[in-house]
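**Q** File follows, structure17.cif with mmCIF, C-alpha atoms:
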```
data_protein
#
loop_
_atom_site.label_atom_id
_atom_site.label_comp_id
_atom_site.auth_asym_id
_atom_site.auth_seq_id
_atom_site.Cartn_x
_atom_site.Cartn_y
_atom_site.Cartn_z
CA MET T 1 -18.08 26.97 44.08
CA ALA T 2 -16.32 27.52 40.75
CA ALA T 3 -14.43 24.25 41.26
CA GLY T 4 -17.71 22.47 41.90
CA LEU T 5 -19.19 23.88 38.71
CA ARG T 6 -16.15 22.72 36.76
CA LYS T 7 -16.47 19.22 38.23
CA ARG T 8 -20.17 19.09 37.39
CA GLY T 9 -19.38 20.30 33.86
CA ARG T 10 -16.76 17.58 33.37
CA SER T 11 -18.98 14.85 34.79
CA GLY T 12 -21.86 16.07 32.67
CA SER T 13 -19.81 15.96 29.46
CA ALA T 14 -18.47 12.51 30.40
CA ALA T 15 -22.00 11.24 31.04
CA GLN T 16 -23.15 12.73 27.75
CA ALA T 17 -20.29 11.00 25.89
CA TRP T 18 -21.02 7.71 27.65
CA GLY T 19 -24.70 8.04 26.79
CA PHE T 20 -23.83 8.62 23.14
CA CYS T 21 -21.60 5.53 23.11
CA ARG T 22 -24.31 3.41 24.73
CA GLN T 23 -26.86 4.63 22.20
CA TRP T 24 -24.49 3.88 19.31
CA LEU T 25 -23.67 0.39 20.62
CA HIS T 26 -27.36 -0.34 21.28
CA ARG T 27 -28.24 0.69 17.73
CA ALA T 28 -25.39 -1.44 16.36
CA TRP T 29 -26.66 -4.45 18.33
CA GLN T 30 -30.17 -3.92 16.99
CA GLU T 31 -28.78 -3.82 13.47
CA ARG T 32 -26.25 -6.60 14.03
CA ARG T 33 -27.22 -8.30 10.80
CA LEU T 34 -26.13 -5.21 8.93
CA LEU T 35 -23.04 -4.74 11.08
CA LEU T 36 -20.89 -6.96 8.90
CA ARG T 37 -22.38 -5.84 5.59
CA GLU T 38 -22.80 -2.05 5.79
CA PRO T 39 -19.65 0.06 5.19
CA ARG T 40 -20.96 2.70 7.61
CA TYR T 41 -19.94 0.37 10.44
CA THR T 42 -16.34 0.21 9.23
CA LEU T 43 -14.90 2.11 12.20
CA LEU T 44 -16.73 -0.04 14.78
CA VAL T 45 -15.59 -3.29 13.17
CA ALA T 46 -12.10 -1.83 12.69
CA ALA T 47 -11.85 -0.98 16.39
CA CYS T 48 -12.77 -4.54 17.37
CA LEU T 49 -10.31 -6.04 14.88
CA CYS T 50 -7.49 -3.74 15.99
CA LEU T 51 -8.02 -4.82 19.60
CA ALA T 52 -7.94 -8.45 18.49
CA GLU T 53 -4.81 -7.79 16.46
CA VAL T 54 -2.98 -6.46 19.52
CA GLY T 55 -3.36 -9.87 21.15
CA ILE T 56 -2.70 -11.88 17.99
CA THR T 57 0.42 -9.93 17.00
CA PHE T 58 2.07 -10.13 20.40
CA TRP T 59 1.09 -13.81 20.69
CA VAL T 60 2.89 -14.42 17.38
CA ILE T 61 5.98 -12.60 18.67
CA HIS T 62 6.19 -14.68 21.83
CA ARG T 63 5.08 -18.04 20.45
CA VAL T 64 6.47 -18.25 16.90
CA ALA T 65 10.20 -18.38 16.29
CA TYR T 66 11.87 -15.38 14.68
CA THR T 67 13.57 -16.09 11.33
CA GLU T 68 16.70 -14.15 10.39
CA ILE T 69 16.76 -13.12 6.73
CA ASP T 70 17.72 -9.49 6.12
CA TRP T 71 17.79 -7.79 9.55
CA LYS T 72 21.51 -8.38 10.19
CA ALA T 73 22.31 -7.21 6.66
CA TYR T 74 20.31 -4.02 7.25
CA MET T 75 22.19 -3.38 10.48
CA ALA T 76 25.58 -4.02 8.85
CA GLN T 77 24.77 -1.63 6.01
CA VAL T 78 23.62 1.08 8.42
CA GLU T 79 26.66 0.54 10.62
CA GLY T 80 28.86 1.25 7.62
CA VAL T 81 27.25 4.68 7.28
CA ILE T 82 27.60 5.32 11.02
CA ASN T 83 31.30 4.51 10.72
CA GLY T 84 31.68 7.20 8.06
CA THR T 85 31.28 5.36 4.72
CA TYR T 86 29.09 7.41 2.36
CA ASP T 87 30.06 5.68 -0.88
CA TYR T 88 27.12 3.39 -1.67
CA THR T 89 29.31 1.01 -3.62
CA GLN T 90 31.25 0.26 -0.42
CA LEU T 91 28.24 -0.48 1.80
CA GLN T 92 27.67 -4.21 2.17
CA GLY T 93 25.70 -6.63 4.32
CA ASP T 94 25.52 -10.39 4.76
CA THR T 95 23.05 -10.71 1.88
CA GLY T 96 24.73 -8.28 -0.52
CA PRO T 97 25.21 -4.56 -1.21
CA LEU T 98 22.94 -1.76 -0.01
CA VAL T 99 20.30 -1.27 -2.71
CA TYR T 100 17.77 0.99 -0.94
CA PRO T 101 17.59 4.82 -1.04
CA ALA T 102 18.77 7.12 1.74
CA GLY T 103 15.49 7.24 3.69
CA PHE T 104 15.99 3.56 4.49
CA VAL T 105 19.41 4.35 5.96
CA TYR T 106 18.09 7.06 8.30
CA ILE T 107 15.07 5.10 9.52
CA PHE T 108 17.00 1.91 10.12
CA MET T 109 19.77 3.93 11.75
CA GLY T 110 17.15 4.90 14.33
CA LEU T 111 16.20 1.23 14.69
CA TYR T 112 19.91 0.39 15.03
CA TYR T 113 20.19 2.56 18.13
CA ALA T 114 16.74 1.63 19.49
CA THR T 115 17.62 -2.08 19.44
CA GLY T 116 21.11 -1.94 20.94
CA ARG T 117 22.97 -1.88 17.62
CA GLY T 118 20.52 -4.35 16.15
CA THR T 119 21.06 -7.05 18.78
CA ASP T 120 17.75 -6.74 20.66
CA ILE T 121 15.49 -8.68 18.30
CA ARG T 122 12.53 -8.68 20.69
CA MET T 123 12.58 -4.90 20.84
CA ALA T 124 12.71 -4.75 17.04
CA GLN T 125 9.72 -7.11 16.85
CA ASN T 126 7.73 -4.94 19.27
CA ILE T 127 8.51 -1.84 17.19
CA PHE T 128 7.35 -3.62 14.03
CA ALA T 129 4.21 -4.79 15.86
CA VAL T 130 3.36 -1.13 16.57
CA LEU T 131 4.15 -0.40 12.92
CA TYR T 132 1.71 -3.15 11.88
CA LEU T 133 -1.07 -1.73 14.05
CA ALA T 134 -0.39 1.78 12.69
CA THR T 135 -0.66 0.37 9.16
CA LEU T 136 -4.04 -1.18 9.98
CA LEU T 137 -5.28 2.09 11.47
CA LEU T 138 -4.28 4.07 8.37
CA VAL T 139 -5.82 1.47 6.05
CA PHE T 140 -9.10 1.45 7.99
CA LEU T 141 -9.26 5.25 7.78
CA ILE T 142 -8.95 4.96 4.00
CA TYR T 143 -11.71 2.34 3.82
CA HIS T 144 -13.93 4.40 6.11
CA GLN T 145 -13.74 7.35 3.72
CA THR T 146 -14.43 5.28 0.60
CA CYS T 147 -17.43 3.38 2.07
CA LYS T 148 -17.21 0.60 -0.49
CA VAL T 149 -16.08 -2.56 1.30
CA PRO T 150 -18.43 -4.55 3.60
CA PRO T 151 -16.84 -4.83 7.07
CA PHE T 152 -16.88 -8.64 7.20
CA VAL T 153 -14.07 -8.61 4.61
CA PHE T 154 -11.73 -6.90 7.06
CA PHE T 155 -11.45 -10.09 9.11
CA PHE T 156 -9.64 -11.68 6.17
CA MET T 157 -7.46 -8.57 5.84
CA CYS T 158 -6.41 -8.77 9.49
CA CYS T 159 -6.54 -11.92 11.52
CA ALA T 160 -6.49 -14.49 8.71
CA SER T 161 -3.19 -13.64 6.99
CA TYR T 162 -0.23 -15.61 8.35
CA ARG T 163 2.15 -14.31 5.68
CA VAL T 164 1.58 -10.63 6.48
CA HIS T 165 2.09 -11.14 10.22
CA SER T 166 5.28 -13.00 9.37
CA ILE T 167 6.59 -10.21 7.11
CA PHE T 168 6.04 -7.60 9.82
CA VAL T 169 7.08 -9.22 13.10
CA LEU T 170 8.92 -12.45 12.24
CA ARG T 171 11.11 -11.25 9.36
CA LEU T 172 11.52 -7.47 10.01
CA PHE T 173 11.69 -6.52 6.33
CA ASN T 174 11.85 -2.88 5.21
CA ASP T 175 8.77 -3.23 2.97
CA PRO T 176 6.29 -2.54 5.83
CA VAL T 177 8.12 0.70 6.68
CA ALA T 178 7.67 1.96 3.12
CA MET T 179 4.00 0.94 3.04
CA VAL T 180 3.00 2.61 6.31
CA LEU T 181 4.42 5.88 4.95
CA LEU T 182 2.54 5.30 1.68
CA PHE T 183 -0.79 4.81 3.49
CA LEU T 184 -0.09 7.94 5.55
CA SER T 185 0.46 9.77 2.27
CA ILE T 186 -2.89 8.55 0.89
CA ASN T 187 -4.69 9.71 4.03
CA LEU T 188 -3.15 13.16 3.59
CA LEU T 189 -4.24 13.23 -0.06
CA LEU T 190 -7.78 12.31 1.01
CA ALA T 191 -7.66 15.24 3.44
CA GLN T 192 -6.67 17.49 0.48
CA ARG T 193 -3.21 18.06 1.99
CA TRP T 194 -1.51 17.57 -1.35
CA GLY T 195 1.84 19.06 -0.39
CA TRP T 196 2.21 16.96 2.75
CA GLY T 197 0.87 13.93 0.90
CA CYS T 198 3.56 14.28 -1.78
CA CYS T 199 6.17 14.74 0.95
CA CYS T 200 5.18 11.48 2.65
CA PHE T 201 4.97 9.73 -0.71
CA SER T 202 8.54 10.75 -1.50
CA LEU T 203 9.63 9.64 1.96
CA ALA T 204 8.08 6.21 1.27
CA VAL T 205 9.97 6.01 -2.04
CA SER T 206 13.17 6.83 -0.16
CA VAL T 207 12.71 3.67 1.90
CA LYS T 208 12.00 1.33 -1.01
CA MET T 209 11.30 2.25 -4.60
CA ASN T 210 8.43 -0.22 -5.07
CA VAL T 211 6.25 2.73 -4.00
CA LEU T 212 6.94 4.17 -7.47
CA LEU T 213 4.27 1.77 -8.74
CA PHE T 214 1.77 4.25 -7.29
CA ALA T 215 3.49 7.16 -9.08
CA PRO T 216 1.54 7.00 -12.41
CA GLY T 217 -1.72 7.25 -10.50
CA LEU T 218 -0.43 10.09 -8.33
CA LEU T 219 0.78 11.99 -11.40
CA PHE T 220 -2.65 11.60 -13.02
CA LEU T 221 -4.37 12.90 -9.90
CA LEU T 222 -2.04 15.88 -9.64
CA LEU T 223 -2.64 16.81 -13.28
CA THR T 224 -6.40 16.38 -12.84
CA GLN T 225 -6.46 18.54 -9.74
CA PHE T 226 -3.93 21.24 -10.61
CA GLY T 227 -2.93 21.03 -14.28
CA PHE T 228 0.71 20.90 -15.39
CA ARG T 229 1.87 24.20 -13.91
CA GLY T 230 0.01 23.60 -10.65
CA ALA T 231 1.43 20.10 -10.31
CA LEU T 232 5.05 21.23 -10.71
CA PRO T 233 5.45 22.49 -7.11
CA LYS T 234 4.11 19.16 -5.77
CA LEU T 235 6.47 17.21 -8.02
CA GLY T 236 9.23 19.55 -6.86
CA ILE T 237 8.52 18.51 -3.26
CA CYS T 238 8.95 14.84 -4.23
CA ALA T 239 12.20 15.47 -6.11
CA GLY T 240 13.60 17.94 -3.58
CA LEU T 241 13.13 15.54 -0.66
CA GLN T 242 14.96 12.79 -2.56
CA VAL T 243 17.89 15.13 -3.20
CA ALA T 244 17.96 16.36 0.41
CA LEU T 245 17.91 12.85 1.88
CA GLY T 246 20.53 11.53 -0.53
CA LEU T 247 22.80 14.59 -0.42
CA PRO T 248 25.60 13.10 1.76
CA PHE T 249 25.80 10.11 -0.57
CA LEU T 250 25.40 12.15 -3.76
CA LEU T 251 28.31 14.37 -2.74
CA GLU T 252 30.51 11.31 -2.14
CA ASN T 253 29.64 9.23 -5.21
CA PRO T 254 26.52 10.35 -7.15
CA VAL T 255 26.72 7.63 -9.79
CA GLY T 256 27.22 4.93 -7.16
CA TYR T 257 24.24 6.17 -5.11
CA LEU T 258 21.82 6.44 -8.03
CA SER T 259 22.87 3.15 -9.64
CA ARG T 260 22.52 1.22 -6.37
CA SER T 261 19.46 2.78 -4.74
CA PHE T 262 17.38 3.18 -7.93
CA ASP T 263 18.57 0.20 -9.94
CA LEU T 264 15.62 -0.59 -12.22
CA GLY T 265 17.50 -3.35 -14.01
CA ARG T 266 18.44 -5.43 -10.97
CA GLN T 267 18.32 -9.14 -11.67
CA PHE T 268 16.16 -11.33 -9.42
CA LEU T 269 16.88 -14.95 -8.49
CA PHE T 270 14.54 -17.56 -9.94
CA ARG T 271 14.57 -19.55 -6.68
CA TRP T 272 12.65 -16.81 -4.85
CA THR T 273 10.01 -15.95 -7.45
CA VAL T 274 6.39 -16.33 -6.39
CA ASN T 275 4.72 -15.33 -9.65
CA TRP T 276 6.76 -16.89 -12.50
CA ARG T 277 7.62 -20.38 -11.25
CA PHE T 278 5.88 -22.03 -14.21
CA LEU T 279 8.35 -20.46 -16.68
CA PRO T 280 11.72 -21.95 -17.66
CA GLU T 281 14.51 -20.20 -15.75
CA ALA T 282 16.20 -19.13 -19.00
CA LEU T 283 13.06 -17.29 -20.09
CA PHE T 284 12.62 -15.77 -16.62
CA LEU T 285 16.13 -14.27 -16.85
CA HIS T 286 15.90 -13.19 -20.49
CA ARG T 287 15.98 -9.45 -21.18
CA ALA T 288 13.32 -9.73 -23.90
CA PHE T 289 10.87 -11.12 -21.34
CA HIS T 290 11.56 -8.16 -19.06
CA LEU T 291 10.98 -5.69 -21.90
CA ALA T 292 7.73 -7.44 -22.83
CA LEU T 293 6.48 -7.10 -19.24
CA LEU T 294 7.44 -3.42 -19.21
CA ALA T 295 5.60 -2.83 -22.51
CA ALA T 296 2.48 -4.60 -21.18
CA HIS T 297 2.68 -2.60 -17.95
CA LEU T 298 2.89 0.75 -19.73
CA THR T 299 0.20 -0.21 -22.26
CA LEU T 300 -2.30 -1.17 -19.59
CA LEU T 301 -1.56 1.98 -17.59
CA LEU T 302 -2.21 4.05 -20.70
CA LEU T 303 -5.47 2.22 -21.41
CA PHE T 304 -6.74 2.77 -17.88
CA ALA T 305 -5.68 6.43 -17.99
CA LEU T 306 -7.47 6.98 -21.31
CA CYS T 307 -10.58 4.86 -20.84
CA ARG T 308 -11.18 4.55 -17.09
CA TRP T 309 -9.50 7.34 -15.15
CA HIS T 310 -10.07 10.12 -17.70
CA SER T 311 -13.68 10.18 -18.88
CA THR T 312 -14.63 13.85 -19.25
CA GLY T 313 -14.93 13.68 -23.04
CA GLU T 314 -11.94 15.97 -23.62
CA SER T 315 -8.53 14.88 -24.83
CA ILE T 316 -6.27 13.59 -22.09
CA LEU T 317 -3.91 16.44 -23.04
CA SER T 318 -6.47 18.78 -21.49
CA LEU T 319 -5.10 17.70 -18.12
CA LEU T 320 -2.02 19.80 -18.87
CA ARG T 321 -4.12 22.97 -18.91
CA ASP T 322 -5.09 24.94 -15.87
CA PRO T 323 -8.35 23.41 -14.49
CA SER T 324 -10.16 26.76 -14.79
CA LYS T 325 -9.40 26.92 -18.53
CA ARG T 326 -10.72 23.48 -19.46
CA LYS T 327 -13.89 23.11 -21.52
CA VAL T 328 -15.42 20.80 -18.93
CA PRO T 329 -15.36 22.46 -15.49
CA PRO T 330 -13.33 20.29 -13.08
CA GLN T 331 -15.17 18.27 -10.46
CA PRO T 332 -13.66 17.93 -6.95
CA LEU T 333 -11.85 14.62 -6.60
CA THR T 334 -13.79 12.22 -4.39
CA PRO T 335 -12.12 9.73 -2.00
CA ASN T 336 -13.02 6.86 -4.33
CA GLN T 337 -11.44 8.56 -7.33
CA ILE T 338 -8.19 9.11 -5.41
CA VAL T 339 -8.04 5.63 -3.91
CA SER T 340 -9.18 3.80 -7.04
CA THR T 341 -6.56 5.51 -9.23
CA LEU T 342 -3.69 4.90 -6.80
CA PHE T 343 -4.59 1.30 -5.95
CA THR T 344 -5.19 0.39 -9.60
CA SER T 345 -1.89 1.96 -10.67
CA ASN T 346 -0.02 -0.11 -8.10
CA PHE T 347 -1.92 -3.30 -8.90
CA ILE T 348 -1.13 -3.08 -12.62
CA GLY T 349 2.55 -2.84 -11.71
CA ILE T 350 2.24 -5.88 -9.46
CA CYS T 351 0.63 -7.92 -12.25
CA PHE T 352 3.56 -7.28 -14.60
CA SER T 353 6.42 -7.41 -12.11
CA ARG T 354 9.53 -9.23 -13.27
CA SER T 355 9.47 -11.14 -10.00
CA LEU T 356 7.57 -11.07 -6.72
CA HIS T 357 9.34 -12.25 -3.57
CA TYR T 358 7.49 -13.29 -0.44
CA GLN T 359 7.93 -9.99 1.41
CA PHE T 360 6.47 -8.13 -1.58
CA TYR T 361 3.00 -9.35 -0.56
CA VAL T 362 2.55 -6.23 1.60
CA TRP T 363 2.93 -4.07 -1.52
CA TYR T 364 -0.72 -4.71 -2.33
CA PHE T 365 -2.23 -6.98 0.34
CA HIS T 366 -4.18 -4.22 2.12
CA THR T 367 -5.52 -2.88 -1.18
CA LEU T 368 -7.06 -6.17 -2.34
CA PRO T 369 -10.43 -5.78 -0.58
CA TYR T 370 -10.95 -2.41 -2.24
CA LEU T 371 -9.92 -3.70 -5.65
CA LEU T 372 -12.37 -6.60 -5.35
CA TRP T 373 -15.36 -4.83 -3.76
CA ALA T 374 -15.14 -1.23 -4.98
CA THR T 375 -16.76 -1.90 -8.35
CA PRO T 376 -20.06 -3.81 -8.55
CA ALA T 377 -20.09 -6.93 -10.70
CA ARG T 378 -23.03 -9.33 -10.73
CA TRP T 379 -20.90 -12.17 -12.03
CA LEU T 380 -18.50 -11.81 -9.08
CA THR T 381 -20.43 -12.69 -5.93
CA HIS T 382 -19.17 -12.23 -2.38
CA LEU T 383 -18.27 -15.91 -2.29
CA LEU T 384 -16.22 -15.71 -5.49
CA ARG T 385 -14.42 -12.60 -4.25
CA LEU T 386 -13.54 -14.37 -1.02
CA LEU T 387 -12.34 -17.33 -3.07
CA VAL T 388 -10.03 -15.01 -5.00
CA LEU T 389 -8.67 -13.60 -1.74
CA GLY T 390 -8.16 -17.11 -0.39
CA LEU T 391 -6.33 -18.33 -3.49
CA ILE T 392 -4.04 -15.30 -3.42
CA GLU T 393 -3.25 -15.95 0.24
CA LEU T 394 -2.63 -19.63 -0.51
CA SER T 395 -0.31 -18.76 -3.38
CA TRP T 396 1.77 -16.47 -1.17
CA ASN T 397 1.88 -19.08 1.61
CA THR T 398 3.15 -21.85 -0.68
CA TYR T 399 6.87 -22.24 -0.04
CA PRO T 400 8.69 -22.91 -2.21
CA SER T 401 6.37 -21.69 -4.92
CA THR T 402 5.16 -24.19 -7.51
CA PRO T 403 3.98 -23.83 -11.13
CA CYS T 404 0.41 -24.30 -9.88
CA SER T 405 0.66 -21.65 -7.14
CA SER T 406 2.16 -19.14 -9.57
CA ALA T 407 -0.49 -19.86 -12.20
CA ALA T 408 -3.26 -19.53 -9.61
CA LEU T 409 -1.85 -16.15 -8.58
CA HIS T 410 -1.95 -14.90 -12.18
CA VAL T 411 -5.51 -16.17 -12.66
CA CYS T 412 -6.62 -14.26 -9.55
CA HIS T 413 -4.83 -11.14 -10.76
CA ALA T 414 -6.55 -11.47 -14.13
CA VAL T 415 -9.97 -11.72 -12.45
CA ILE T 416 -9.29 -8.54 -10.48
CA LEU T 417 -8.05 -6.71 -13.59
CA LEU T 418 -11.15 -7.78 -15.51
CA GLN T 419 -13.38 -6.56 -12.70
CA LEU T 420 -11.58 -3.20 -12.61
CA TRP T 421 -11.93 -2.80 -16.37
CA LEU T 422 -15.60 -3.80 -16.56
CA GLY T 423 -16.65 -2.07 -13.34
CA LEU T 424 -18.17 1.36 -13.03
CA GLN T 425 -15.86 4.19 -14.01
CA PRO T 426 -14.76 6.15 -10.93
CA PHE T 427 -14.60 9.48 -12.83
CA PRO T 428 -17.81 11.13 -14.07
CA LYS T 429 -18.37 11.31 -17.79
CA SER T 430 -18.87 15.07 -17.95
CA THR T 431 -20.64 17.91 -16.29
CA GLN T 432 -22.94 18.38 -19.28
CA HIS T 433 -23.97 14.76 -19.21
CA SER T 434 -24.84 14.96 -15.53
CA LYS T 435 -26.88 18.11 -16.12
CA ARG T 436 -28.88 16.42 -18.89
CA ALA T 437 -29.52 13.42 -16.67
CA HIS T 438 -30.64 15.74 -13.87
#
```
Here is a file; write its structure as structure tokens.
**A**
Amino acid sequence: MAAGLRKRGRSGSAAQAWGFCRQWLHRAWQERRLLLREPRYTLLVAACLCLAEVGITFWVIHRVAYTEIDWKAYMAQVEGVINGTYDYTQLQGDTGPLVYPAGFVYIFMGLYYATGRGTDIRMAQNIFAVLYLATLLLVFLIYHQTCKVPPFVFFFMCCASYRVHSIFVLRLFNDPVAMVLLFLSINLLLAQRWGWGCCCFSLAVSVKMNVLLFAPGLLFLLLTQFGFRGALPKLGICAGLQVALGLPFLLENPVGYLSRSFDLGRQFLFRWTVNWRFLPEALFLHRAFHLALLAAHLTLLLLFALCRWHSTGESILSLLRDPSKRKVPPQPLTPNQIVSTLFTSNFIGICFSRSLHYQFYVWYFHTLPYLLWATPARWLTHLLRLLVLGLIELSWNTYPSTPCSSAALHVCHAVILLQLWLGLQPFPKSTQHSKRAH
């Protein structure tokens, strides 16, 4: 009798769940015109697109030829560590020395064993396909919490990008590994798990240091949320994880490890640049040009921090104080404040990068819909935003890059920057102001 009651209870709960799903789907069908425009349907549209992406991604793997670029070099570099070489200056691959931090070594060491010492390319592609789907899931969770982007845009973020599918499953670059960890970190920050979020952020940096472009935004958020003293433990997590991961290499040759894995002055080849093809090669390689880009990068970050991110009316130095001791009582950080600050910080770095190579597209590809749709602008209609997305995709798909494709990319970046600057400020002006308005 008890077993029968349990069975009836299970069947009843299953029927109730099925009834809820039917009701939800029926309502969505009735409001199908809003389905592609209302952000509240993000999860439904995301589920459909993820199912479509399963088929598309595995079709690409089986139908489009794999192109060897860096995979063998990754495996050779990892194999050197497996064989007992911990001096970073002695680790080499077919395409050059090992220039990524220690997290890259450990993760790709796992891939080395999972793919039969790097020889089973199809297995590697399947693993990266799962990584791609995990990235989409994490990105959709971020967009669901921000409720800013109309769902029809997600089609262009998923099925329409040949270059991104290629980077993940046809080239097997390490950039997607770093980005999936970064998006996991952002989800943890949105869940107010700041310690775990900083841990995952540091792990992403340990795979590839392009993730440091998000660091100014993360630092601003930590200071806003905790003040200087409260932020120190979170920053300690980031630094401590880097030391722990790099310890075997730091003990062997600390200068060699730091100079190779965090080489900020590494020279890029003009032949691979996507964003500066219209410049003379001599100017592209000139140190003064690099310093000018760095100055512009830091200046724009400072302007956004002063005028867009921090708008409480107090001095920005007030962020160093404990939140409870500030003149303006702190407001809880909303999902849009967190995402806007991080995505904008990264995008500013992209705009002033010394060079962008084709695999670098994933550094900001999944953030573009938010950057374009998060702030309202009457002069930038849906059609114009889609045009910007299309031109960016076209620029990244032009191989080799041309002066026109590079110029078009900069024009699109400038439009997005202008929209971010002129759009609504994500941080409230002040508590007093809101009280007066109320």
**Q** Which is closer to T:Phe156 than all the others in T:Leu49, T:Tyr88, T:Pro323, T:Val339, using all atoms listed in the file?
**A**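 Looking at the shortest contact to T:Phe156, the residue is T:Leu49.
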**Q** Could you give me, as a compact mmCIF listing (two decimals) with C-alpha atoms, in the coordinates of the input, the residues that sit within 12 Å of (-2.9, 14.5, 4.9) in the file's coordinates, counting all atoms listed in the file?
**A**
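Once written, result29.txt looks like this:
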```
# COMPACT_ATOMS: atom_id res chain seq x y z
CA LEU T 138 -4.28 4.07 8.37
CA LEU T 141 -9.26 5.25 7.78
CA ILE T 142 -8.95 4.96 4.00
CA LEU T 181 4.42 5.88 4.95
CA LEU T 182 2.54 5.30 1.68
CA PHE T 183 -0.79 4.81 3.49
CA LEU T 184 -0.09 7.94 5.55
CA SER T 185 0.46 9.77 2.27
CA ILE T 186 -2.89 8.55 0.89
CA ASN T 187 -4.69 9.71 4.03
CA LEU T 188 -3.15 13.16 3.59
CA LEU T 189 -4.24 13.23 -0.06
CA LEU T 190 -7.78 12.31 1.01
CA ALA T 191 -7.66 15.24 3.44
CA GLN T 192 -6.67 17.49 0.48
CA ARG T 193 -3.21 18.06 1.99
CA TRP T 194 -1.51 17.57 -1.35
CA GLY T 195 1.84 19.06 -0.39
CA TRP T 196 2.21 16.96 2.75
CA GLY T 197 0.87 13.93 0.90
CA CYS T 198 3.56 14.28 -1.78
CA CYS T 199 6.17 14.74 0.95
CA CYS T 200 5.18 11.48 2.65
CA PHE T 201 4.97 9.73 -0.71
```
**Q** Tell me which of T:Thr299, T:Thr367, T:Asn275, T:Ser318 sits closest to T:Cys404, counting all atoms listed in the file.
**A**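 Looking only at the distances to T:Cys404, the closest residue turns out to be T:Asn275.
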**Q** I'd like the residues picked by the PyMOL selection byres ((chain T and resi 162-169) around 7) written out as a PyMOL selection string, using the chain letters and numbers from the file.
**A** chain T and resi 61+125+128-129+132+160-161+170-173+176+359+362+397
**Q** Which residues, named as in the file, does the PyMOL selection byres ((chain T and resi 263) around 12) pick out? Answer as a PDB file with C-alpha atoms, in the coordinates of the input.
**A**
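That gives us part-v7.pdb:
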```
ATOM      1  CA  PRO T  97      25.210  -4.560  -1.210  1.00  0.00           C
ATOM      2  CA  LEU T  98      22.940  -1.760  -0.010  1.00  0.00           C
ATOM      3  CA  VAL T  99      20.300  -1.270  -2.710  1.00  0.00           C
ATOM      4  CA  TYR T 100      17.770   0.990  -0.940  1.00  0.00           C
ATOM      5  CA  PRO T 101      17.590   4.820  -1.040  1.00  0.00           C
ATOM      6  CA  LYS T 208      12.000   1.330  -1.010  1.00  0.00           C
ATOM      7  CA  MET T 209      11.300   2.250  -4.600  1.00  0.00           C
ATOM      8  CA  ASN T 210       8.430  -0.220  -5.070  1.00  0.00           C
ATOM      9  CA  VAL T 255      26.720   7.630  -9.790  1.00  0.00           C
ATOM     10  CA  GLY T 256      27.220   4.930  -7.160  1.00  0.00           C
ATOM     11  CA  TYR T 257      24.240   6.170  -5.110  1.00  0.00           C
ATOM     12  CA  LEU T 258      21.820   6.440  -8.030  1.00  0.00           C
ATOM     13  CA  SER T 259      22.870   3.150  -9.640  1.00  0.00           C
ATOM     14  CA  ARG T 260      22.520   1.220  -6.370  1.00  0.00           C
ATOM     15  CA  SER T 261      19.460   2.780  -4.740  1.00  0.00           C
ATOM     16  CA  PHE T 262      17.380   3.180  -7.930  1.00  0.00           C
ATOM     17  CA  LEU T 264      15.620  -0.590 -12.220  1.00  0.00           C
ATOM     18  CA  GLY T 265      17.500  -3.350 -14.010  1.00  0.00           C
ATOM     19  CA  ARG T 266      18.440  -5.430 -10.970  1.00  0.00           C
ATOM     20  CA  GLN T 267      18.320  -9.140 -11.670  1.00  0.00           C
ATOM     21  CA  PHE T 268      16.160 -11.330  -9.420  1.00  0.00           C
TER      22      PHE T 268
END
```
**Q** For the atom pair atom CA of T:Ser345 and atom CA of T:Gly217, what is the interatomic distance in Å to one decimal place?
**A**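 One can read the atom CA of T:Ser345 to atom CA of T:Gly217 distance as 5.3 Å.
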**Q** Quick one: of T:Pro330, T:Arg122, T:Ala134, T:Thr341, who's nearest to T:Val64, counting all atoms listed in the file?
**A** T:Arg122
**Q** Mind giving me the straight-line distance from atom CA of T:Pro150 to atom CA of T:Tyr370 in Å, one decimal?
**A**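 So the answer is 9.7 Å.
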**Q** Please list as a list of chain:residue names every residue within 10 Å of stretch 379-387 of chain T, counting all atoms listed in the file and excluding residues in the same chain fewer than 2 positions away.
**A** T:Pro150, T:Val153, T:Phe156, T:Leu368, T:Pro369, T:Leu372, T:Trp373, T:Pro376, T:Ala377, T:Leu389, T:Gly390, T:Leu391, T:Ile392, T:Glu393, T:Cys412, T:Val415, T:Ile416, T:Gln419
**Q** What's the separation between atom CA of T:Val328 and atom CA of T:Trp421, in Å to one decimal place?
**A**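 Here the two named atoms are 24.0 Å from each other.
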**Q** Could you build a table of the residues in stretch 333-370 of chain T lying no more than 12 Å from stretch 399-402 of chain T, giving for each the nearest pair of atoms and their separation in Å rounded to one decimal place, using only C-alpha atoms, ordered by chain and ascending residue number, as JSON lines?
**A**
```
{"residue": "T:Leu356", "atom": "CA", "partner": "T:Ser401", "partner_atom": "CA", "distance": 10.8}
{"residue": "T:His357", "atom": "CA", "partner": "T:Ser401", "partner_atom": "CA", "distance": 10.0}
{"residue": "T:Tyr358", "atom": "CA", "partner": "T:Tyr399", "partner_atom": "CA", "distance": 9.0}
```
**Q** Those selected residues, please, written with C-alpha atoms and delivered as a PDB file, in the frame of the given file.
**A**
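Saved as part.pdb:
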```pdb
ATOM      1  CA  LEU T 356       7.570 -11.070  -6.720  1.00  0.00           C
ATOM      2  CA  HIS T 357       9.340 -12.250  -3.570  1.00  0.00           C
ATOM      3  CA  TYR T 358       7.490 -13.290  -0.440  1.00  0.00           C
TER       4      TYR T 358
END
```
